[in-house]
file structure.tsv (TSV, C-alpha atoms)
chain	number	residue	atom	x	y	z
A	30	MET	CA	50.84	-114.98	52.35
A	31	ALA	CA	50.20	-113.91	48.77
A	32	ALA	CA	48.41	-117.21	48.13
A	33	LEU	CA	46.30	-116.77	51.26
A	34	ALA	CA	45.43	-113.22	50.28
A	35	GLU	CA	44.37	-114.36	46.83
A	36	ALA	CA	42.26	-117.15	48.32
A	37	ALA	CA	40.59	-114.65	50.68
A	38	ASP	CA	40.12	-112.14	47.83
A	39	TYR	CA	42.15	-109.36	49.49
A	40	ALA	CA	45.16	-107.34	48.42
A	41	PRO	CA	48.19	-108.65	50.39
A	42	ALA	CA	49.17	-105.24	51.79
A	43	SER	CA	45.65	-104.46	52.99
A	44	LEU	CA	45.57	-107.61	55.10
A	45	TYR	CA	48.10	-106.19	57.58
A	46	THR	CA	46.28	-102.92	58.29
A	47	TYR	CA	44.28	-103.92	61.37
A	48	PHE	CA	46.17	-106.86	62.89
A	49	PRO	CA	49.19	-106.97	65.22
A	50	SER	CA	50.82	-109.97	63.53
A	51	ARG	CA	50.70	-112.23	60.53
A	52	SER	CA	49.40	-115.04	62.73
A	53	ALA	CA	46.53	-112.93	64.10
A	54	LEU	CA	45.62	-111.81	60.60
A	55	VAL	CA	45.49	-115.37	59.25
A	56	ALA	CA	43.42	-116.53	62.22
A	57	ALA	CA	40.89	-113.72	61.71
A	58	VAL	CA	40.53	-114.40	57.98
A	59	GLN	CA	40.23	-118.12	58.62
A	60	GLU	CA	37.57	-117.59	61.29
A	61	ARG	CA	35.57	-115.40	58.94
A	62	ALA	CA	35.71	-118.06	56.23
A	63	LEU	CA	34.71	-120.81	58.65
A	64	VAL	CA	31.75	-118.81	59.96
A	65	SER	CA	30.61	-118.31	56.37
A	66	LEU	CA	30.96	-122.02	55.59
A	67	GLY	CA	29.14	-122.87	58.81
A	68	ALA	CA	26.21	-120.72	57.68
A	69	VAL	CA	26.19	-122.59	54.36
A	70	ALA	CA	26.04	-125.89	56.25
A	71	GLU	CA	23.15	-124.72	58.45
A	72	ARG	CA	21.15	-123.53	55.43
A	73	HIS	CA	21.82	-126.90	53.86
A	74	LEU	CA	20.50	-128.79	56.89
A	75	ALA	CA	17.34	-126.73	56.90
A	76	ALA	CA	16.85	-127.28	53.16
A	77	THR	CA	17.32	-131.05	53.37
A	78	ASP	CA	14.93	-131.20	56.32
A	79	HIS	CA	12.27	-129.92	53.93
A	80	LEU	CA	13.34	-132.19	51.08
A	81	VAL	CA	13.25	-135.28	53.28
A	82	ALA	CA	9.86	-134.32	54.72
A	83	THR	CA	8.34	-134.23	51.24
A	84	ALA	CA	10.13	-137.33	49.89
A	85	GLY	CA	8.25	-139.97	51.90
A	86	ALA	CA	11.37	-142.16	52.13
A	87	ALA	CA	12.05	-144.70	54.84
A	88	PRO	CA	13.95	-143.18	57.79
A	89	ASP	CA	17.21	-145.02	57.08
A	90	VAL	CA	17.16	-144.13	53.38
A	91	ALA	CA	16.33	-140.51	54.20
A	92	ALA	CA	19.21	-140.32	56.69
A	93	LEU	CA	21.66	-141.76	54.16
A	94	ALA	CA	20.33	-139.41	51.47
A	95	ARG	CA	21.10	-136.45	53.72
A	96	LEU	CA	24.67	-137.72	54.16
A	97	CYS	CA	25.01	-138.10	50.39
A	98	ALA	CA	23.65	-134.58	49.87
A	99	PHE	CA	26.10	-133.13	52.38
A	100	ALA	CA	28.97	-134.81	50.55
A	101	ASP	CA	27.67	-133.27	47.30
A	102	LEU	CA	27.54	-129.85	49.00
A	103	PHE	CA	31.11	-130.23	50.29
A	104	LEU	CA	32.45	-131.42	46.95
A	105	ALA	CA	30.80	-128.50	45.13
A	106	ALA	CA	32.30	-125.92	47.50
A	107	PRO	CA	35.32	-125.08	45.28
A	108	GLU	CA	32.91	-123.77	42.65
A	109	ARG	CA	30.03	-122.49	44.77
A	110	HIS	CA	32.02	-120.94	47.65
A	111	PRO	CA	35.47	-120.51	46.10
A	112	HIS	CA	37.07	-117.86	48.34
A	113	GLU	CA	36.21	-119.52	51.64
A	114	PHE	CA	37.03	-122.99	50.41
A	115	ARG	CA	40.30	-122.04	48.71
A	116	LEU	CA	41.42	-120.28	51.89
A	117	GLN	CA	40.83	-123.40	53.96
A	118	GLN	CA	42.68	-125.52	51.43
A	119	GLU	CA	45.65	-123.14	51.43
A	120	LEU	CA	45.80	-123.25	55.22
A	121	LEU	CA	45.68	-127.05	55.22
A	122	VAL	CA	48.85	-127.25	53.13
A	123	THR	CA	50.66	-124.19	54.56
A	124	ARG	CA	52.47	-124.97	57.80
A	125	GLY	CA	53.31	-122.56	60.59
A	126	VAL	CA	51.07	-119.66	59.55
A	127	GLU	CA	49.39	-119.37	62.98
A	128	ASP	CA	50.77	-119.54	66.51
A	129	VAL	CA	49.05	-121.73	69.08
A	130	GLU	CA	47.08	-118.92	70.74
A	131	ASP	CA	45.71	-117.53	67.49
A	132	ALA	CA	44.90	-120.99	66.17
A	133	GLY	CA	42.98	-121.68	69.37
A	134	ARG	CA	40.67	-118.75	68.64
A	135	VAL	CA	39.62	-120.42	65.38
A	136	VAL	CA	38.65	-123.72	67.01
A	137	PRO	CA	35.04	-122.77	67.92
A	138	ALA	CA	34.31	-121.73	64.32
A	139	ALA	CA	35.92	-124.92	63.01
A	140	MET	CA	33.91	-127.07	65.40
A	141	GLY	CA	30.78	-125.22	64.30
A	142	VAL	CA	31.40	-126.29	60.71
A	143	LEU	CA	32.06	-129.89	61.78
A	144	ASP	CA	28.89	-130.01	63.85
A	145	ALA	CA	26.67	-130.21	60.75
A	146	PRO	CA	28.10	-133.51	59.42
A	147	ARG	CA	28.39	-134.79	63.00
A	148	ARG	CA	24.64	-134.32	63.50
A	149	LEU	CA	23.89	-136.07	60.22
A	150	LEU	CA	26.04	-139.06	61.17
A	151	GLU	CA	24.46	-139.19	64.62
A	152	ALA	CA	20.96	-139.11	63.16
A	153	ALA	CA	21.83	-141.89	60.72
A	154	ALA	CA	23.08	-144.09	63.57
A	155	GLU	CA	19.94	-143.37	65.61
A	156	VAL	CA	17.64	-144.76	62.88
A	157	GLY	CA	19.87	-147.77	62.20
A	158	ALA	CA	21.22	-146.56	58.85
A	159	LEU	CA	24.73	-146.87	60.31
A	160	GLY	CA	26.02	-149.36	62.83
A	161	ALA	CA	27.43	-148.72	66.28
A	162	GLN	CA	31.15	-148.14	66.68
A	163	ASP	CA	33.46	-149.49	69.34
A	164	PRO	CA	34.68	-146.95	71.93
A	165	LEU	CA	37.68	-144.90	70.85
A	166	SER	CA	40.42	-143.06	72.75
A	167	ASP	CA	42.69	-140.16	71.86
A	168	PRO	CA	46.51	-140.42	72.17
A	169	LEU	CA	46.23	-139.50	75.87
A	170	GLY	CA	43.75	-142.29	76.54
A	171	ARG	CA	40.73	-140.01	76.87
A	172	PRO	CA	37.44	-141.27	75.35
A	173	VAL	CA	36.45	-139.87	71.96
A	174	GLU	CA	32.84	-139.81	70.82
A	175	ALA	CA	32.48	-142.25	67.93
A	176	THR	CA	30.45	-139.79	65.86
A	177	VAL	CA	33.18	-137.16	66.22
A	178	ALA	CA	35.80	-139.63	65.00
A	179	ARG	CA	33.62	-140.54	62.03
A	180	THR	CA	33.07	-136.86	61.25
A	181	LEU	CA	36.78	-136.13	61.21
A	182	ALA	CA	37.50	-139.18	59.05
A	183	TRP	CA	34.82	-138.16	56.54
A	184	VAL	CA	35.78	-134.50	56.31
A	185	VAL	CA	39.48	-135.34	55.98
A	186	ALA	CA	38.65	-137.83	53.21
A	187	LEU	CA	36.59	-135.23	51.31
A	188	ASN	CA	39.27	-132.58	51.72
A	189	GLY	CA	41.94	-134.98	50.56
A	190	ALA	CA	39.90	-135.97	47.53
A	191	LEU	CA	39.52	-132.34	46.46
A	192	LEU	CA	43.22	-131.66	46.99
A	193	THR	CA	43.97	-134.20	44.25
A	194	ASP	CA	42.54	-131.74	41.71
A	195	GLY	CA	45.66	-129.63	42.31
A	196	LEU	CA	48.14	-132.39	41.48
A	197	LEU	CA	50.40	-131.61	38.56
A	198	THR	CA	50.26	-135.14	37.19
A	199	GLY	CA	47.14	-136.37	35.47
A	200	MET	CA	44.55	-138.22	37.54
A	201	PRO	CA	42.16	-140.79	36.05
A	202	THR	CA	39.27	-139.21	37.98
A	203	THR	CA	38.20	-135.92	39.55
A	204	GLY	CA	38.36	-134.93	43.17
A	205	ALA	CA	34.58	-134.80	43.34
A	206	ALA	CA	34.18	-138.30	41.90
A	207	LEU	CA	36.83	-139.59	44.30
A	208	GLY	CA	35.07	-137.90	47.21
A	209	THR	CA	31.78	-139.54	46.27
A	210	ALA	CA	33.43	-142.96	46.12
A	211	LEU	CA	35.15	-142.40	49.46
A	212	THR	CA	31.86	-141.32	51.05
A	213	ASP	CA	30.12	-144.49	49.87
A	214	ALA	CA	33.02	-146.66	51.06
A	215	LEU	CA	33.03	-145.03	54.49
A	216	LEU	CA	29.27	-145.32	54.91
A	217	VAL	CA	29.28	-149.00	53.96
A	218	GLY	CA	32.23	-149.55	56.27
A	219	TRP	CA	30.24	-147.94	59.07
A	220	GLY	CA	27.37	-150.34	58.51
A	221	ALA	CA	25.20	-148.87	55.76
A	222	ASP	CA	23.39	-151.46	53.67
A	223	PRO	CA	24.64	-151.12	50.05
A	224	ASP	CA	21.14	-151.44	48.59
A	225	ARG	CA	19.74	-148.82	50.96
A	226	LEU	CA	22.68	-146.57	50.13
A	227	ARG	CA	21.97	-146.92	46.41
A	228	ALA	CA	18.35	-145.93	47.08
A	229	ALA	CA	19.61	-142.95	49.09
A	230	ARG	CA	21.93	-141.91	46.27
A	231	SER	CA	19.03	-142.04	43.86
A	232	LEU	CA	16.95	-139.86	46.18
A	233	SER	CA	19.66	-137.26	46.79
A	234	ALA	CA	20.44	-137.13	43.06
A	235	SER	CA	16.88	-135.90	42.49
A	236	TRP	CA	17.61	-132.83	44.62
A	237	PRO	CA	19.19	-130.04	42.53
A	238	MET	CA	22.24	-128.28	43.92
A	239	THR	CA	20.22	-125.09	44.27
A	240	ALA	CA	17.93	-126.99	46.65
A	241	ILE	CA	20.68	-128.42	48.87
A	242	ASP	CA	22.75	-125.21	48.77
A	243	PRO	CA	20.08	-122.47	48.92
A	244	PRO	CA	21.17	-118.91	48.23
A	245	GLY	CA	22.72	-116.84	50.97
A	246	ASP	CA	25.63	-114.42	50.88
A	247	ARG	CA	27.47	-115.69	47.83
A	248	SER	CA	31.26	-115.66	47.67

call {"tool": "encode", "arguments": {"input": "structure.tsv", "output": "structure tokens"}}
result
Amino acid sequence: MAALAEAADYAPASLYTYFPSRSALVAAVQERALVSLGAVAERHLAATDHLVATAGAAPDVAALARLCAFADLFLAAPERHPHEFRLQQELLVTRGVEDVEDAGRVVPAAMGVLDAPRRLLEAAAEVGALGAQDPLSDPLGRPVEATVARTLAWVVALNGALLTDGLLTGMPTTGAALGTALTDALLVGWGADPDRLRAARSLSASWPMTAIDPPGDRS
């Protein structure tokens, strides 16, 4: 709990003042962080809408550039939105901090955050920047939307890449560099043309971080 309190920028004792249980407290703090990160993602989408409109790029390159820019936004989160991001990372590696009911209350906020990359992947598929995917099923045999599966795979890959920065042993690369490489590998695996992806990378690299992560309520 001390680590979670530090990540959320609260004193540990003060966290218990208004909540009936540890689980309820963690769920409330997590929901607040997710809502904040969701607002960051929505500002980002609006900003890249404008950047793409003024770039004059082909639709497939523009769609891939927006995916690249979102990956850059995500990979910069530890520095640009440290409290919210560190809290989510702590919860990813801390088991049993929420009961099922409290965790369920966080799901809408979590899905709100995931909706931004899901929309970007969907848009890229619509303009042919990414290929179609075969139908998928969950462990109970129920159909899963292909774009949702891709979203989860991408976000998990980016999170995992950033977690490597906390390893005690030396790594030959950074989490951000690894996340960029994983993003490119996933996009090519999902049907992106490597040459068009390189053009998209060049386009997104011309957008400064302050443009793809416009100011809001800073952490």

call {"tool": "atom_distance", "arguments": {"input": "structure.tsv", "atom1": "atom CA of Gly160 of chain A", "atom2": "atom CA of Leu102 of chain A"}}
result
24.0 Å

call {"tool": "atom_distance", "arguments": {"input": "structure.tsv", "atom1": "atom CA of Asp242 of chain A", "atom2": "atom CA of Ala70 of chain A"}}
result
8.2 Å

call {"tool": "closest_residue", "arguments": {"input": "structure.tsv", "among": "A:Ala152, A:Ala100, A:Val185, A:Ala53", "to": "Gln118 of chain A", "atoms": "only C-alpha atoms"}}
result
A:Val185

call {"tool": "residues_near_point", "arguments": {"input": "structure.tsv", "point": "(20.2, -145.1, 48.0)", "cutoff": "10 Å", "atoms": "all atoms listed in the file", "output": "short mmCIF file (atom, residue, chain, number, x, y, z; two decimals) with C-alpha atoms, in the coordinates of the input"}}
result
data_model
loop_
_atom_site.label_atom_id
_atom_site.label_comp_id
_atom_site.auth_asym_id
_atom_site.auth_seq_id
_atom_site.Cartn_x
_atom_site.Cartn_y
_atom_site.Cartn_z
CA ASP A 89 17.21 -145.02 57.08
CA VAL A 90 17.16 -144.13 53.38
CA ALA A 91 16.33 -140.51 54.20
CA ALA A 92 19.21 -140.32 56.69
CA LEU A 93 21.66 -141.76 54.16
CA ALA A 94 20.33 -139.41 51.47
CA CYS A 97 25.01 -138.10 50.39
CA ALA A 221 25.20 -148.87 55.76
CA ASP A 222 23.39 -151.46 53.67
CA PRO A 223 24.64 -151.12 50.05
CA ASP A 224 21.14 -151.44 48.59
CA ARG A 225 19.74 -148.82 50.96
CA LEU A 226 22.68 -146.57 50.13
CA ARG A 227 21.97 -146.92 46.41
CA ALA A 228 18.35 -145.93 47.08
CA ALA A 229 19.61 -142.95 49.09
CA ARG A 230 21.93 -141.91 46.27
CA SER A 231 19.03 -142.04 43.86
CA LEU A 232 16.95 -139.86 46.18
CA SER A 233 19.66 -137.26 46.79
CA ALA A 234 20.44 -137.13 43.06
#

call {"tool": "atom_distance", "arguments": {"input": "structure.tsv", "atom1": "atom CA of Leu150 of chain A", "atom2": "atom CA of Gly208 of chain A"}}
result
16.7 Å

call {"tool": "closest_residue", "arguments": {"input": "structure.tsv", "among": "A:His110, A:Ala214, A:Val184, A:Val177", "to": "Pro164 of chain A", "atoms": "all atoms listed in the file"}}
result
A:Val177

call {"tool": "residues_near_point", "arguments": {"input": "structure.tsv", "point": "(25.7, -121.3, 51.2)", "cutoff": "10 Å", "atoms": "all atoms listed in the file", "output": "list in words"}}
result
Ser65, Leu66, Gly67, Ala68, Val69, Ala70, Glu71, Arg72, His73, Leu102, Ala106, Arg109, His110, Thr239, Ile241, Asp242, Pro243, Pro244, Gly245, Asp246, Arg247 and Ser248 of chain A

call {"tool": "build_atoms", "arguments": {"input": "structure.tsv", "residues": "segment 85-108 of chain A", "atoms": "N, CA and C atoms", "output": "PDB file, in the coordinates of the input"}}
result
ATOM      1  N   GLY A  85       8.956-138.751  51.491  1.00  0.00           N
ATOM      2  CA  GLY A  85       8.250-139.970  51.900  1.00  0.00           C
ATOM      3  C   GLY A  85       9.130-141.197  51.943  1.00  0.00           C
ATOM      4  N   ALA A  86      10.443-141.025  52.104  1.00  0.00           N
ATOM      5  CA  ALA A  86      11.370-142.160  52.130  1.00  0.00           C
ATOM      6  C   ALA A  86      11.413-142.779  53.516  1.00  0.00           C
ATOM      7  N   ALA A  87      11.840-144.034  53.565  1.00  0.00           N
ATOM      8  CA  ALA A  87      12.050-144.700  54.840  1.00  0.00           C
ATOM      9  C   ALA A  87      13.105-143.943  55.644  1.00  0.00           C
ATOM     10  N   PRO A  88      13.020-143.972  56.982  1.00  0.00           N
ATOM     11  CA  PRO A  88      13.950-143.180  57.790  1.00  0.00           C
ATOM     12  C   PRO A  88      15.424-143.452  57.518  1.00  0.00           C
ATOM     13  N   ASP A  89      15.792-144.737  57.314  1.00  0.00           N
ATOM     14  CA  ASP A  89      17.210-145.020  57.080  1.00  0.00           C
ATOM     15  C   ASP A  89      17.663-144.507  55.727  1.00  0.00           C
ATOM     16  N   VAL A  90      16.811-144.644  54.704  1.00  0.00           N
ATOM     17  CA  VAL A  90      17.160-144.130  53.380  1.00  0.00           C
ATOM     18  C   VAL A  90      17.244-142.603  53.409  1.00  0.00           C
ATOM     19  N   ALA A  91      16.314-141.973  54.098  1.00  0.00           N
ATOM     20  CA  ALA A  91      16.330-140.510  54.200  1.00  0.00           C
ATOM     21  C   ALA A  91      17.593-140.030  54.896  1.00  0.00           C
ATOM     22  N   ALA A  92      18.004-140.719  55.964  1.00  0.00           N
ATOM     23  CA  ALA A  92      19.210-140.320  56.690  1.00  0.00           C
ATOM     24  C   ALA A  92      20.448-140.476  55.812  1.00  0.00           C
ATOM     25  N   LEU A  93      20.525-141.564  55.061  1.00  0.00           N
ATOM     26  CA  LEU A  93      21.660-141.760  54.160  1.00  0.00           C
ATOM     27  C   LEU A  93      21.629-140.754  53.015  1.00  0.00           C
ATOM     28  N   ALA A  94      20.442-140.408  52.535  1.00  0.00           N
ATOM     29  CA  ALA A  94      20.330-139.410  51.470  1.00  0.00           C
ATOM     30  C   ALA A  94      20.856-138.056  51.942  1.00  0.00           C
ATOM     31  N   ARG A  95      20.607-137.719  53.190  1.00  0.00           N
ATOM     32  CA  ARG A  95      21.100-136.450  53.720  1.00  0.00           C
ATOM     33  C   ARG A  95      22.634-136.462  53.814  1.00  0.00           C
ATOM     34  N   LEU A  96      23.203-137.610  54.144  1.00  0.00           N
ATOM     35  CA  LEU A  96      24.670-137.720  54.160  1.00  0.00           C
ATOM     36  C   LEU A  96      25.223-137.580  52.741  1.00  0.00           C
ATOM     37  N   CYS A  97      24.578-138.211  51.777  1.00  0.00           N
ATOM     38  CA  CYS A  97      25.010-138.100  50.390  1.00  0.00           C
ATOM     39  C   CYS A  97      24.920-136.642  49.918  1.00  0.00           C
ATOM     40  N   ALA A  98      23.836-135.972  50.282  1.00  0.00           N
ATOM     41  CA  ALA A  98      23.650-134.580  49.870  1.00  0.00           C
ATOM     42  C   ALA A  98      24.693-133.671  50.503  1.00  0.00           C
ATOM     43  N   PHE A  99      25.059-133.954  51.748  1.00  0.00           N
ATOM     44  CA  PHE A  99      26.100-133.130  52.380  1.00  0.00           C
ATOM     45  C   PHE A  99      27.430-133.329  51.677  1.00  0.00           C
ATOM     46  N   ALA A 100      27.739-134.570  51.299  1.00  0.00           N
ATOM     47  CA  ALA A 100      28.970-134.810  50.550  1.00  0.00           C
ATOM     48  C   ALA A 100      28.946-134.039  49.232  1.00  0.00           C
ATOM     49  N   ASP A 101      27.788-134.022  48.548  1.00  0.00           N
ATOM     50  CA  ASP A 101      27.670-133.270  47.300  1.00  0.00           C
ATOM     51  C   ASP A 101      27.898-131.776  47.550  1.00  0.00           C
ATOM     52  N   LEU A 102      27.344-131.257  48.636  1.00  0.00           N
ATOM     53  CA  LEU A 102      27.540-129.850  49.000  1.00  0.00           C
ATOM     54  C   LEU A 102      29.018-129.560  49.217  1.00  0.00           C
ATOM     55  N   PHE A 103      29.681-130.405  49.984  1.00  0.00           N
ATOM     56  CA  PHE A 103      31.110-130.230  50.290  1.00  0.00           C
ATOM     57  C   PHE A 103      31.936-130.266  49.005  1.00  0.00           C
ATOM     58  N   LEU A 104      31.647-131.234  48.163  1.00  0.00           N
ATOM     59  CA  LEU A 104      32.450-131.420  46.950  1.00  0.00           C
ATOM     60  C   LEU A 104      32.198-130.337  45.915  1.00  0.00           C
ATOM     61  N   ALA A 105      31.075-129.618  46.033  1.00  0.00           N
ATOM     62  CA  ALA A 105      30.800-128.500  45.130  1.00  0.00           C
ATOM     63  C   ALA A 105      31.334-127.173  45.658  1.00  0.00           C
ATOM     64  N   ALA A 106      31.855-127.164  46.877  1.00  0.00           N
ATOM     65  CA  ALA A 106      32.300-125.920  47.500  1.00  0.00           C
ATOM     66  C   ALA A 106      33.370-125.167  46.705  1.00  0.00           C
ATOM     67  N   PRO A 107      34.328-125.839  46.042  1.00  0.00           N
ATOM     68  CA  PRO A 107      35.320-125.080  45.280  1.00  0.00           C
ATOM     69  C   PRO A 107      34.711-124.188  44.202  1.00  0.00           C
ATOM     70  N   GLU A 108      33.560-124.574  43.680  1.00  0.00           N
ATOM     71  CA  GLU A 108      32.910-123.770  42.650  1.00  0.00           C
ATOM     72  C   GLU A 108      31.856-122.827  43.227  1.00  0.00           C
TER      73      GLU A 108
END
